file start.cif (mmCIF, C-alpha atoms (C1' of nucleotides))
data_structure
loop_
_atom_site.label_atom_id
_atom_site.label_comp_id
_atom_site.auth_asym_id
_atom_site.auth_seq_id
_atom_site.Cartn_x
_atom_site.Cartn_y
_atom_site.Cartn_z
CA MET A 60 39.85 -8.71 51.63
CA THR A 61 38.13 -9.64 54.84
CA ASP A 62 36.05 -12.72 55.41
CA HIS A 63 32.45 -11.64 55.15
CA THR A 64 31.11 -15.19 55.31
CA PRO A 65 27.78 -14.51 56.96
CA LEU A 66 26.16 -16.64 59.56
CA GLU A 67 23.48 -18.77 57.99
CA LEU A 68 21.02 -17.91 60.69
CA GLU A 69 18.42 -20.40 59.59
CA ARG A 70 20.87 -23.24 60.14
CA PHE A 71 22.64 -21.79 63.17
CA LEU A 72 21.94 -24.02 66.14
CA PRO A 73 21.74 -21.42 68.94
CA TYR A 74 19.43 -19.31 66.84
CA ARG A 75 17.12 -22.17 65.97
CA LEU A 76 16.97 -23.35 69.54
CA SER A 77 16.10 -19.88 70.69
CA ILE A 78 13.32 -19.55 68.13
CA LEU A 79 11.89 -22.92 69.00
CA SER A 80 12.08 -22.38 72.72
CA ASN A 81 10.47 -18.95 72.52
CA ARG A 82 7.64 -20.20 70.37
CA ILE A 83 6.84 -23.02 72.73
CA SER A 84 7.06 -20.93 75.90
CA ARG A 85 4.91 -18.23 74.39
CA ALA A 86 2.34 -20.74 73.23
CA ILE A 87 1.97 -22.24 76.68
CA ALA A 88 2.14 -18.89 78.41
CA ARG A 89 -0.62 -17.46 76.24
CA GLU A 90 -3.01 -19.96 77.75
CA TYR A 91 -2.50 -19.17 81.40
CA GLN A 92 -1.58 -15.50 81.18
CA GLN A 93 -5.03 -13.97 80.91
CA ARG A 94 -6.86 -16.93 82.38
CA PHE A 95 -5.06 -16.59 85.70
CA ALA A 96 -3.15 -13.32 85.31
CA LEU A 97 -0.06 -15.40 85.83
CA SER A 98 3.38 -14.49 84.54
CA MET A 99 5.80 -17.10 83.29
CA THR A 100 8.06 -16.60 86.28
CA GLU A 101 5.12 -17.02 88.65
CA TRP A 102 4.09 -20.20 86.91
CA ARG A 103 7.57 -21.59 87.22
CA VAL A 104 7.59 -20.92 90.92
CA ILE A 105 4.25 -22.66 91.31
CA ALA A 106 5.49 -25.62 89.30
CA VAL A 107 8.55 -26.02 91.49
CA LEU A 108 6.60 -25.67 94.71
CA ALA A 109 4.19 -28.32 93.48
CA ARG A 110 7.00 -30.60 92.45
CA PHE A 111 8.72 -30.36 95.82
CA ASP A 112 5.66 -30.15 97.95
CA GLY A 113 6.25 -31.27 101.50
CA HIS A 114 9.80 -29.96 101.40
CA GLY A 115 8.86 -26.44 102.39
CA LEU A 116 11.32 -24.95 99.97
CA SER A 117 13.03 -21.62 100.66
CA ALA A 118 13.14 -18.86 98.07
CA ARG A 119 16.76 -19.68 97.41
CA GLU A 120 15.94 -23.26 96.62
CA VAL A 121 13.18 -22.15 94.30
CA ALA A 122 15.66 -19.91 92.51
CA GLU A 123 18.07 -22.80 92.11
CA ARG A 124 15.42 -25.10 90.76
CA THR A 125 13.97 -22.62 88.30
CA GLU A 126 17.34 -21.22 87.17
CA MET A 127 15.92 -17.78 87.80
CA ASP A 128 17.84 -15.26 89.85
CA LYS A 129 16.83 -14.51 93.38
CA VAL A 130 15.50 -11.07 92.56
CA ALA A 131 13.07 -12.49 90.04
CA VAL A 132 11.98 -15.13 92.50
CA SER A 133 11.55 -12.61 95.27
CA ARG A 134 9.28 -10.54 93.09
CA ALA A 135 7.27 -13.46 91.81
CA LEU A 136 6.80 -14.64 95.38
CA ALA A 137 5.71 -11.21 96.53
CA ARG A 138 2.89 -11.31 94.01
CA LEU A 139 2.00 -14.93 94.65
CA VAL A 140 1.84 -14.36 98.39
CA ALA A 141 -0.19 -11.17 97.97
CA GLU A 142 -2.70 -13.13 95.92
CA LYS A 143 -2.66 -15.92 98.48
CA ARG A 144 -1.52 -18.47 95.95
CA VAL A 145 1.51 -19.23 98.07
CA ALA A 146 1.83 -19.29 101.86
CA ARG A 147 5.05 -18.02 103.35
CA ARG A 148 6.22 -18.76 106.86
CA THR A 149 9.55 -18.17 108.51
CA HIS A 150 11.87 -21.05 109.12
CA ALA A 151 11.87 -22.10 112.74
CA GLY A 152 15.61 -22.56 113.13
CA ASP A 153 16.74 -19.78 110.78
CA LYS A 154 14.78 -16.56 110.70
CA ARG A 155 16.31 -15.53 107.39
CA ARG A 156 14.81 -18.37 105.43
CA SER A 157 11.25 -18.56 104.27
CA VAL A 158 9.25 -21.76 104.12
CA LEU A 159 7.00 -21.87 101.10
CA HIS A 160 3.90 -23.85 100.27
CA LEU A 161 1.15 -23.71 97.73
CA THR A 162 -2.21 -22.76 99.13
CA ALA A 163 -5.43 -24.40 97.96
CA LYS A 164 -5.71 -21.50 95.53
CA GLY A 165 -2.20 -22.18 94.27
CA TRP A 166 -2.93 -25.86 93.84
CA LYS A 167 -6.04 -25.04 91.89
CA ILE A 168 -4.00 -23.12 89.37
CA HIS A 169 -1.42 -25.85 89.24
CA ASP A 170 -4.03 -28.50 88.62
CA VAL A 171 -5.27 -26.64 85.57
CA VAL A 172 -2.01 -25.44 84.12
CA ALA A 173 0.08 -28.56 84.62
CA PRO A 174 -2.12 -30.81 82.45
CA LEU A 175 -2.32 -28.04 79.92
CA ALA A 176 1.46 -27.81 79.78
CA ARG A 177 1.77 -31.57 79.55
CA GLU A 178 -0.68 -31.57 76.68
CA HIS A 179 1.47 -29.05 74.85
CA GLU A 180 4.50 -31.21 75.35
CA ARG A 181 2.60 -34.26 74.19
CA ALA A 182 1.49 -32.51 71.01
CA LEU A 183 5.05 -31.46 70.36
CA LEU A 184 6.49 -34.90 70.89
CA ALA A 185 3.74 -36.38 68.75
CA GLU A 186 5.42 -34.78 65.75
CA LEU A 187 8.51 -36.87 66.36
CA ASP A 188 9.05 -40.56 65.85
CA ALA A 189 10.48 -42.84 68.49
CA GLU A 190 14.09 -42.47 67.44
CA GLU A 191 13.84 -38.69 67.33
CA ARG A 192 12.33 -38.57 70.77
CA ARG A 193 14.98 -40.85 72.19
CA VAL A 194 17.88 -38.94 70.68
CA LEU A 195 16.41 -35.59 71.64
CA GLU A 196 16.26 -36.68 75.28
CA GLN A 197 19.81 -37.86 74.99
CA VAL A 198 20.99 -34.60 73.46
CA LEU A 199 19.33 -32.54 76.15
CA ASP A 200 20.91 -34.72 78.81
CA LYS A 201 24.29 -34.04 77.30
CA LEU A 202 23.95 -30.35 76.61
CA ALA A 203 21.82 -29.24 79.55
CA PRO A 204 22.16 -31.74 82.35
CA VAL A 205 20.00 -30.97 85.34
CA MET B 73 -9.66 -35.70 95.22
CA THR B 74 -7.98 -33.56 92.61
CA ASP B 75 -5.08 -34.60 90.49
CA HIS B 76 -2.01 -32.94 91.96
CA THR B 77 0.40 -34.78 89.68
CA PRO B 78 3.14 -32.20 89.44
CA LEU B 79 5.12 -31.36 86.37
CA GLU B 80 8.52 -32.95 86.50
CA LEU B 81 10.26 -29.81 85.45
CA GLU B 82 13.64 -31.40 84.96
CA ARG B 83 12.18 -33.71 82.33
CA PHE B 84 9.72 -31.27 80.82
CA LEU B 85 10.73 -30.55 77.26
CA PRO B 86 9.78 -26.87 76.97
CA TYR B 87 11.53 -26.14 80.23
CA ARG B 88 14.72 -27.91 79.26
CA LEU B 89 14.80 -26.27 75.87
CA SER B 90 14.39 -22.89 77.46
CA ILE B 91 17.22 -23.52 79.91
CA LEU B 92 19.51 -24.76 77.18
CA SER B 93 18.71 -21.96 74.80
CA ASN B 94 19.18 -19.28 77.44
CA ARG B 95 22.50 -20.68 78.52
CA ILE B 96 23.84 -20.75 74.99
CA SER B 97 22.59 -17.32 74.04
CA ARG B 98 23.98 -15.80 77.21
CA ALA B 99 27.33 -17.47 76.66
CA ILE B 100 27.68 -16.06 73.17
CA ALA B 101 26.27 -12.69 74.15
CA ARG B 102 28.75 -12.32 76.98
CA GLU B 103 31.54 -12.21 74.45
CA TYR B 104 30.30 -9.38 72.28
CA GLN B 105 28.37 -7.39 74.84
CA GLN B 106 31.15 -5.42 76.42
CA ARG B 107 33.56 -5.84 73.54
CA PHE B 108 31.27 -3.96 71.15
CA ALA B 109 28.56 -2.65 73.45
CA LEU B 110 26.20 -4.69 71.34
CA SER B 111 22.90 -6.06 72.56
CA MET B 112 21.61 -9.42 71.44
CA THR B 113 18.88 -7.80 69.39
CA GLU B 114 21.41 -5.54 67.68
CA TRP B 115 23.61 -8.51 66.87
CA ARG B 116 20.69 -10.35 65.36
CA VAL B 117 19.90 -7.42 63.14
CA ILE B 118 23.52 -7.24 62.00
CA ALA B 119 23.56 -10.96 61.32
CA VAL B 120 20.46 -10.76 59.16
CA LEU B 121 21.68 -7.74 57.26
CA ALA B 122 24.95 -9.54 56.58
CA ARG B 123 23.16 -12.66 55.48
CA PHE B 124 20.94 -10.81 53.05
CA ASP B 125 23.43 -8.25 51.94
CA GLY B 126 22.63 -6.81 48.57
CA HIS B 127 18.92 -7.13 49.19
CA GLY B 128 18.56 -3.80 50.94
CA LEU B 129 16.18 -5.23 53.49
CA SER B 130 13.49 -3.13 55.10
CA ALA B 131 12.93 -3.07 58.86
CA ARG B 132 9.90 -5.22 58.42
CA GLU B 133 11.86 -7.87 56.60
CA VAL B 134 14.49 -7.80 59.32
CA ALA B 135 11.77 -8.30 61.90
CA GLU B 136 10.43 -11.28 59.96
CA ARG B 137 13.83 -12.86 59.61
CA THR B 138 14.83 -12.40 63.23
CA GLU B 139 11.42 -13.30 64.64
CA MET B 140 11.63 -10.15 66.71
CA ASP B 141 8.73 -7.72 66.81
CA LYS B 142 8.92 -4.52 64.87
CA VAL B 143 9.28 -2.34 67.95
CA ALA B 144 12.39 -4.21 69.03
CA VAL B 145 13.80 -3.95 65.55
CA SER B 146 12.99 -0.28 65.31
CA ARG B 147 14.86 0.38 68.52
CA ALA B 148 17.84 -1.76 67.63
CA LEU B 149 18.06 0.00 64.30
CA ALA B 150 17.86 3.42 65.90
CA ARG B 151 20.96 2.58 67.94
CA LEU B 152 22.78 0.89 65.09
CA VAL B 153 22.17 3.82 62.77
CA ALA B 154 23.19 6.33 65.46
CA GLU B 155 26.49 4.48 65.85
CA LYS B 156 26.88 4.31 62.07
CA ARG B 157 26.94 0.55 62.05
CA VAL B 158 24.00 0.47 59.71
CA ALA B 159 23.11 2.87 56.90
CA ARG B 160 19.46 3.68 56.38
CA ARG B 161 18.01 5.17 53.25
CA THR B 162 14.44 5.60 52.14
CA HIS B 163 13.01 3.32 49.53
CA ALA B 164 12.72 5.04 46.18
CA GLY B 165 9.26 3.80 45.26
CA ASP B 166 7.77 3.70 48.75
CA LYS B 167 8.64 6.43 51.20
CA ARG B 168 7.45 4.40 54.17
CA ARG B 169 10.02 1.68 53.76
CA SER B 170 13.64 1.93 54.78
CA VAL B 171 16.49 0.36 52.89
CA LEU B 172 19.14 -1.03 55.20
CA HIS B 173 22.79 -1.89 54.74
CA LEU B 174 25.72 -2.64 56.95
CA THR B 175 28.40 0.04 56.89
CA ALA B 176 32.11 -0.79 56.94
CA LYS B 177 31.89 -0.42 60.70
CA GLY B 178 28.98 -2.85 60.81
CA TRP B 179 30.85 -5.37 58.70
CA LYS B 180 33.85 -5.13 60.99
CA ILE B 181 31.71 -6.19 63.91
CA HIS B 182 30.12 -8.93 61.89
CA ASP B 183 33.49 -10.27 60.82
CA VAL B 184 34.57 -10.67 64.41
CA VAL B 185 31.35 -11.89 65.96
CA ALA B 186 30.26 -14.33 63.25
CA PRO B 187 33.33 -16.58 63.55
CA LEU B 188 33.06 -16.36 67.29
CA ALA B 189 29.46 -17.51 67.16
CA ARG B 190 30.35 -20.29 64.77
CA GLU B 191 33.06 -21.43 67.14
CA HIS B 192 30.53 -21.63 69.94
CA GLU B 193 28.27 -23.71 67.79
CA ARG B 194 31.16 -25.96 66.83
CA ALA B 195 32.09 -26.52 70.47
CA LEU B 196 28.52 -27.38 71.26
CA LEU B 197 28.14 -29.83 68.41
CA ALA B 198 31.45 -31.38 69.32
CA GLU B 199 29.80 -32.79 72.40
CA LEU B 200 27.45 -34.80 70.23
CA ASP B 201 28.17 -37.82 68.11
CA ALA B 202 27.22 -38.09 64.46
CA GLU B 203 23.82 -39.66 65.04
CA GLU B 204 22.88 -37.11 67.66
CA ARG B 205 23.84 -34.27 65.37
CA ARG B 206 21.89 -35.70 62.49
CA VAL B 207 18.74 -36.33 64.50
CA LEU B 208 18.95 -32.95 66.22
CA GLU B 209 18.96 -31.23 62.83
CA GLN B 210 16.04 -33.35 61.80
CA VAL B 211 14.09 -32.55 64.96
CA LEU B 212 14.65 -28.84 64.56
CA ASP B 213 13.53 -29.05 60.96
CA LYS B 214 10.32 -30.65 62.10
CA LEU B 215 9.56 -28.51 65.12
CA ALA B 216 10.84 -25.13 63.98
CA PRO B 217 10.93 -25.03 60.21
CA VAL B 218 12.29 -21.81 58.79
"C1'" DA C 63 31.76 -11.77 123.38
"C1'" DA C 64 33.14 -8.67 119.54
"C1'" DA C 65 34.31 -8.26 115.04
"C1'" DT C 66 34.11 -10.14 110.53
"C1'" DC C 67 32.24 -12.63 107.00
"C1'" DA C 68 28.53 -15.23 104.63
"C1'" DT C 69 23.70 -16.02 103.54
"C1'" DG C 70 18.57 -15.30 102.60
"C1'" DG C 71 15.93 -12.05 100.97
"C1'" DT C 72 14.21 -7.26 99.56
"C1'" DT C 73 14.69 -2.59 97.70
"C1'" DT C 74 16.30 0.83 94.57
"C1'" DC C 75 17.57 2.66 90.24
"C1'" DA C 76 18.48 2.47 85.46
"C1'" DT C 77 17.50 -0.04 81.40
"C1'" DT C 78 14.75 -3.11 78.57
"C1'" DT C 79 10.60 -4.71 76.97
"C1'" DG C 80 5.63 -5.07 75.12
"C1'" DA C 81 1.24 -3.25 73.92
"C1'" DA C 82 -1.22 0.18 72.16
"C1'" DA C 83 -1.59 4.46 70.07
"C1'" DC C 84 0.25 7.09 66.66
"C1'" DC C 85 1.98 9.29 62.07
"C1'" DA C 86 2.92 9.11 57.27
"C1'" DT C 87 2.33 6.93 53.15
"C1'" DT C 88 0.32 3.68 50.11
"C1'" DT C 89 -3.36 0.62 48.50
"C1'" DG C 90 -8.04 -0.73 47.42
"C1'" DC C 91 -12.25 0.51 46.06
"C1'" DA C 92 -16.85 3.13 45.58
"C1'" DT D 159 -11.26 11.38 42.49
"C1'" DG D 160 -11.80 10.79 47.26
"C1'" DC D 161 -12.08 8.06 51.39
"C1'" DA D 162 -11.47 3.95 54.18
"C1'" DA D 163 -8.35 0.43 55.19
"C1'" DA D 164 -3.72 -1.43 55.30
"C1'" DT D 165 1.25 -1.02 55.86
"C1'" DG D 166 6.00 0.58 57.50
"C1'" DG D 167 7.81 2.51 61.18
"C1'" DT D 168 8.18 5.35 65.61
"C1'" DT D 169 6.63 7.01 70.09
"C1'" DT D 170 4.61 6.64 74.52
"C1'" DC D 171 3.44 4.57 78.78
"C1'" DA D 172 3.36 0.86 82.00
"C1'" DA D 173 5.36 -3.25 83.45
"C1'" DA D 174 9.40 -6.51 83.60
"C1'" DT D 175 14.24 -7.06 84.35
"C1'" DG D 176 19.21 -6.93 86.13
"C1'" DA D 177 22.83 -5.13 88.88
"C1'" DA D 178 24.14 -3.30 92.91
"C1'" DA D 179 23.24 -1.78 97.36
"C1'" DC D 180 20.97 -2.94 101.30
"C1'" DC D 181 18.98 -5.16 105.78
"C1'" DA D 182 18.60 -8.72 109.00
"C1'" DT D 183 20.18 -12.97 110.72
"C1'" DG D 184 23.62 -16.61 111.26
"C1'" DA D 185 28.22 -18.63 111.14
"C1'" DT D 186 33.18 -18.12 112.05
"C1'" DT D 187 37.22 -16.30 113.91
"C1'" DT D 188 39.82 -14.22 117.46
#
call {"tool": "encode", "arguments": {"input": "start.cif", "output": "structure tokens"}}
result
Amino acid sequence: MTDHTPLELERFLPYRLSILSNRISRAIAREYQQRFALSMTEWRVIAVLARFDGHGLSAREVAERTEMDKVAVSRALARLVAEKRVARRTHAGDKRRSVLHLTAKGWKIHDVVAPLAREHERALLAELDAEERRVLEQVLDKLAPV
Amino acid sequence: MTDHTPLELERFLPYRLSILSNRISRAIAREYQQRFALSMTEWRVIAVLARFDGHGLSAREVAERTEMDKVAVSRALARLVAEKRVARRTHAGDKRRSVLHLTAKGWKIHDVVAPLAREHERALLAELDAEERRVLEQVLDKLAPV
DNA sequence: AAATCATGGTTTCATTTGAAACCATTTGCA
DNA sequence: TGCAAATGGTTTCAAATGAAACCATGATTT
């Protein structure tokens, strides 16, 4: 007789994490999707470019930072550049690399979406008490160090 | 002067959760993908059918339980039924509904993948101490109640 | 300097996904 | 009863995605 012990999905950590993460991402995404016709990957690229403004990141560096693959980044950038949300130059010393910056248009989007995202996070964390917040941080540091 | 305060992605909760969740899901998926030519959605359906064996779930109920939309479930089921991993009958009292069960073949997959998934979870939790595990549970209960 | 290898980035092709329309059946209600 | 609305599920079409091949440039070896 084989072991049919089923997975208790509702207590299975990877499953619960995935549900939670999807819910949150979708909730935030819903807000900027139609408002700016912005996909989640595009938003992530904008967020990284904002965060490392002044560095003139290359596409590769954006990919690293977002944990997206380079194809996804390339496509997101193509759209962002077409819509003039991101400016793309060629690196002076290395013609393969691009040098990326947010345009005024890109910053405008950032300046709306970033607070909105922060507010979502705040609301989420507000459901937790101090100990829970502290330990959650700690757990994420352990399991998914940046 | 506008507020350009950028999101600190590497400390932003939704972002970190998404990274963590993706990494874990991918790690588990890698193991059963080529071994059984099983997609993540198909595995989820199998897991739910195993968990609620004897109930004769309908597709709708599977969709609810997996938090996948009904189109995804419909497609996963089409493949699973074609490969005879799942048996599908029509509900006696309601000809719209299907009545779903794992076949012997489906159970065989379950009985390999479920322990494998549990082992992944165990390894993950092993990185945490008792307090971290306890609080993590608690946090998930609060943020993503089932 | 030529040949080889590595890197940044894009394109192509097949597959997956999501949204909306759709079909069949059942339910609610005039 | 008969007709509109709701429900379970599938199909269709467009867009998103991933893997591999590709192109151009740079670095390394000889």
call {"tool": "resolve_selection", "arguments": {"input": "start.cif", "expression": "the PyMOL selection byres ((chain A) within 12 of (chain D))", "output": "number ranges by chain"}}
result
A: 98-100, 127-132, 134-135, 150, 152-156
call {"tool": "resolve_selection", "arguments": {"input": "start.cif", "expression": "the PyMOL selection byres ((chain C) within 9 of (chain A))", "output": "PyMOL selection string"}}
result
chain C and resi 69-72
call {"tool": "write_last_selection", "arguments": {"input": "start.cif", "atoms": "C-alpha atoms (C1' of nucleotides)", "output": "PDB file, in the frame of the given file"}}
result
ATOM      1  C1'  DT C  69      23.700 -16.020 103.540  1.00  0.00           C
ATOM      2  C1'  DG C  70      18.570 -15.300 102.600  1.00  0.00           C
ATOM      3  C1'  DG C  71      15.930 -12.050 100.970  1.00  0.00           C
ATOM      4  C1'  DT C  72      14.210  -7.260  99.560  1.00  0.00           C
TER       5       DT C  72
END
call {"tool": "atom_distance", "arguments": {"input": "start.cif", "atom1": "atom CA of B:Leu172", "atom2": "atom CA of B:Val158"}}
result
6.8 Å
call {"tool": "closest_residue", "arguments": {"input": "start.cif", "among": "A:Arg89, A:Arg181, A:Lys167, A:Arg110", "to": "chain B", "atoms": "all atoms listed in the file"}}
result
A:Arg110
call {"tool": "closest_residue", "arguments": {"input": "start.cif", "among": "A:Glu101, A:Asp200, A:Glu120, A:Glu142", "to": "chain B", "atoms": "all atoms listed in the file"}}
result
A:Asp200
call {"tool": "closest_residue", "arguments": {"input": "start.cif", "among": "B:Asp201, B:Glu191, B:Asp183, B:Asp125", "to": "chain A", "atoms": "only C-alpha atoms"}}
result
B:Asp183
call {"tool": "resolve_selection", "arguments": {"input": "start.cif", "expression": "the PyMOL selection byres ((chain B) within 7 of (chain A))", "output": "PyMOL selection string"}}
result
chain B and resi 75-76+78-80+82+85-86+89-90+92-93+96-97+119+122-123+183+186+193+204+207-208+211+216+218
call {"tool": "axis_aligned_box", "arguments": {"input": "start.cif", "around": "stretch 183-188 of chain A", "padding_each_side": "8 Å", "output": "JSON"}}
result
{"center_x": 6.4, "center_y": -36.0, "center_z": 68.3, "size_x": 21.3, "size_y": 25.1, "size_z": 21.1}
call {"tool": "atom_distance", "arguments": {"input": "start.cif", "atom1": "atom CA of B:Ile181", "atom2": "atom CA of B:Arg157"}}
result
8.5 Å
call {"tool": "atom_distance", "arguments": {"input": "start.cif", "atom1": "atom CA of B:Lys156", "atom2": "atom CA of B:Gly128"}}
result
16.1 Å
call {"tool": "decode", "arguments": {"input": "start.cif", "residues": "stretch 73-154 of chain A", "atoms": "C-alpha atoms", "output": "PDB file, in the first residue's frame"}}
result
ATOM      1  CA  PRO A  73       5.769  27.477  -0.828  1.00  0.00           C
ATOM      2  CA  TYR A  74       2.122  27.432  -1.776  1.00  0.00           C
ATOM      3  CA  ARG A  75       1.115  30.025   0.784  1.00  0.00           C
ATOM      4  CA  LEU A  76       3.977  32.284  -0.139  1.00  0.00           C
ATOM      5  CA  SER A  77       3.026  32.075  -3.768  1.00  0.00           C
ATOM      6  CA  ILE A  78      -0.602  32.922  -3.041  1.00  0.00           C
ATOM      7  CA  LEU A  79       0.353  35.838  -0.856  1.00  0.00           C
ATOM      8  CA  SER A  80       2.905  37.198  -3.264  1.00  0.00           C
ATOM      9  CA  ASN A  81       0.566  36.944  -6.237  1.00  0.00           C
ATOM     10  CA  ARG A  82      -2.234  38.678  -4.399  1.00  0.00           C
ATOM     11  CA  ILE A  83      -0.046  41.572  -3.392  1.00  0.00           C
ATOM     12  CA  SER A  84       1.589  42.006  -6.794  1.00  0.00           C
ATOM     13  CA  ARG A  85      -1.754  41.866  -8.536  1.00  0.00           C
ATOM     14  CA  ALA A  86      -3.247  44.382  -6.137  1.00  0.00           C
ATOM     15  CA  ILE A  87      -0.493  46.891  -6.756  1.00  0.00           C
ATOM     16  CA  ALA A  88      -0.357  46.184 -10.470  1.00  0.00           C
ATOM     17  CA  ARG A  89      -4.084  46.746 -10.870  1.00  0.00           C
ATOM     18  CA  GLU A  90      -3.578  50.347  -9.872  1.00  0.00           C
ATOM     19  CA  TYR A  91      -0.964  51.326 -12.407  1.00  0.00           C
ATOM     20  CA  GLN A  92      -1.871  48.983 -15.247  1.00  0.00           C
ATOM     21  CA  GLN A  93      -4.705  50.922 -16.826  1.00  0.00           C
ATOM     22  CA  ARG A  94      -3.718  54.264 -15.355  1.00  0.00           C
ATOM     23  CA  PHE A  95      -0.394  54.260 -17.175  1.00  0.00           C
ATOM     24  CA  ALA A  96      -0.673  51.236 -19.463  1.00  0.00           C
ATOM     25  CA  LEU A  97       2.324  49.915 -17.607  1.00  0.00           C
ATOM     26  CA  SER A  98       3.172  46.247 -17.252  1.00  0.00           C
ATOM     27  CA  MET A  99       4.691  44.843 -14.087  1.00  0.00           C
ATOM     28  CA  THR A 100       8.014  44.266 -15.806  1.00  0.00           C
ATOM     29  CA  GLU A 101       8.043  47.837 -17.087  1.00  0.00           C
ATOM     30  CA  TRP A 102       7.319  49.146 -13.632  1.00  0.00           C
ATOM     31  CA  ARG A 103      10.152  47.144 -12.187  1.00  0.00           C
ATOM     32  CA  VAL A 104      12.549  48.571 -14.709  1.00  0.00           C
ATOM     33  CA  ILE A 105      11.416  52.088 -13.884  1.00  0.00           C
ATOM     34  CA  ALA A 106      11.797  51.407 -10.175  1.00  0.00           C
ATOM     35  CA  VAL A 107      15.356  50.191 -10.617  1.00  0.00           C
ATOM     36  CA  LEU A 108      16.323  53.075 -12.865  1.00  0.00           C
ATOM     37  CA  ALA A 109      14.931  55.480 -10.292  1.00  0.00           C
ATOM     38  CA  ARG A 110      16.726  53.749  -7.479  1.00  0.00           C
ATOM     39  CA  PHE A 111      20.072  53.870  -9.256  1.00  0.00           C
ATOM     40  CA  ASP A 112      19.641  57.165 -10.947  1.00  0.00           C
ATOM     41  CA  GLY A 113      22.918  58.812 -11.817  1.00  0.00           C
ATOM     42  CA  HIS A 114      24.545  55.452 -12.407  1.00  0.00           C
ATOM     43  CA  GLY A 115      23.424  55.194 -16.006  1.00  0.00           C
ATOM     44  CA  LEU A 116      22.677  51.524 -15.661  1.00  0.00           C
ATOM     45  CA  SER A 117      23.011  49.136 -18.593  1.00  0.00           C
ATOM     46  CA  ALA A 118      20.266  46.701 -19.527  1.00  0.00           C
ATOM     47  CA  ARG A 119      22.294  43.897 -18.026  1.00  0.00           C
ATOM     48  CA  GLU A 120      22.513  45.652 -14.708  1.00  0.00           C
ATOM     49  CA  VAL A 121      18.790  46.276 -14.758  1.00  0.00           C
ATOM     50  CA  ALA A 122      18.236  42.579 -15.373  1.00  0.00           C
ATOM     51  CA  GLU A 123      20.446  41.692 -12.434  1.00  0.00           C
ATOM     52  CA  ARG A 124      18.695  44.101 -10.129  1.00  0.00           C
ATOM     53  CA  THR A 125      15.189  43.066 -11.082  1.00  0.00           C
ATOM     54  CA  GLU A 126      15.938  39.322 -11.226  1.00  0.00           C
ATOM     55  CA  MET A 127      14.291  39.304 -14.627  1.00  0.00           C
ATOM     56  CA  ASP A 128      16.019  37.716 -17.583  1.00  0.00           C
ATOM     57  CA  LYS A 129      17.642  39.831 -20.215  1.00  0.00           C
ATOM     58  CA  VAL A 130      15.017  39.073 -22.832  1.00  0.00           C
ATOM     59  CA  ALA A 131      12.258  40.390 -20.613  1.00  0.00           C
ATOM     60  CA  VAL A 132      14.280  43.484 -19.839  1.00  0.00           C
ATOM     61  CA  SER A 133      15.085  44.060 -23.477  1.00  0.00           C
ATOM     62  CA  ARG A 134      11.419  43.970 -24.348  1.00  0.00           C
ATOM     63  CA  ALA A 135      10.329  46.154 -21.478  1.00  0.00           C
ATOM     64  CA  LEU A 136      12.991  48.666 -22.441  1.00  0.00           C
ATOM     65  CA  ALA A 137      11.925  48.641 -26.065  1.00  0.00           C
ATOM     66  CA  ARG A 138       8.452  49.720 -25.004  1.00  0.00           C
ATOM     67  CA  LEU A 139       9.655  52.212 -22.423  1.00  0.00           C
ATOM     68  CA  VAL A 140      12.010  53.839 -24.898  1.00  0.00           C
ATOM     69  CA  ALA A 141       9.337  53.911 -27.603  1.00  0.00           C
ATOM     70  CA  GLU A 142       7.047  55.738 -25.198  1.00  0.00           C
ATOM     71  CA  LYS A 143       9.885  58.052 -24.216  1.00  0.00           C
ATOM     72  CA  ARG A 144       9.699  57.033 -20.587  1.00  0.00           C
ATOM     73  CA  VAL A 145      13.313  55.956 -20.691  1.00  0.00           C
ATOM     74  CA  ALA A 146      16.217  57.496 -22.613  1.00  0.00           C
ATOM     75  CA  ARG A 147      18.780  55.147 -24.054  1.00  0.00           C
ATOM     76  CA  ARG A 148      22.246  56.166 -25.148  1.00  0.00           C
ATOM     77  CA  THR A 149      25.227  54.085 -26.100  1.00  0.00           C
ATOM     78  CA  HIS A 150      28.099  53.742 -23.708  1.00  0.00           C
ATOM     79  CA  ALA A 151      31.037  55.859 -24.751  1.00  0.00           C
ATOM     80  CA  GLY A 152      33.759  53.303 -24.098  1.00  0.00           C
ATOM     81  CA  ASP A 153      31.789  50.175 -25.042  1.00  0.00           C
ATOM     82  CA  LYS A 154      29.387  50.343 -27.943  1.00  0.00           C
TER      83      LYS A 154
END
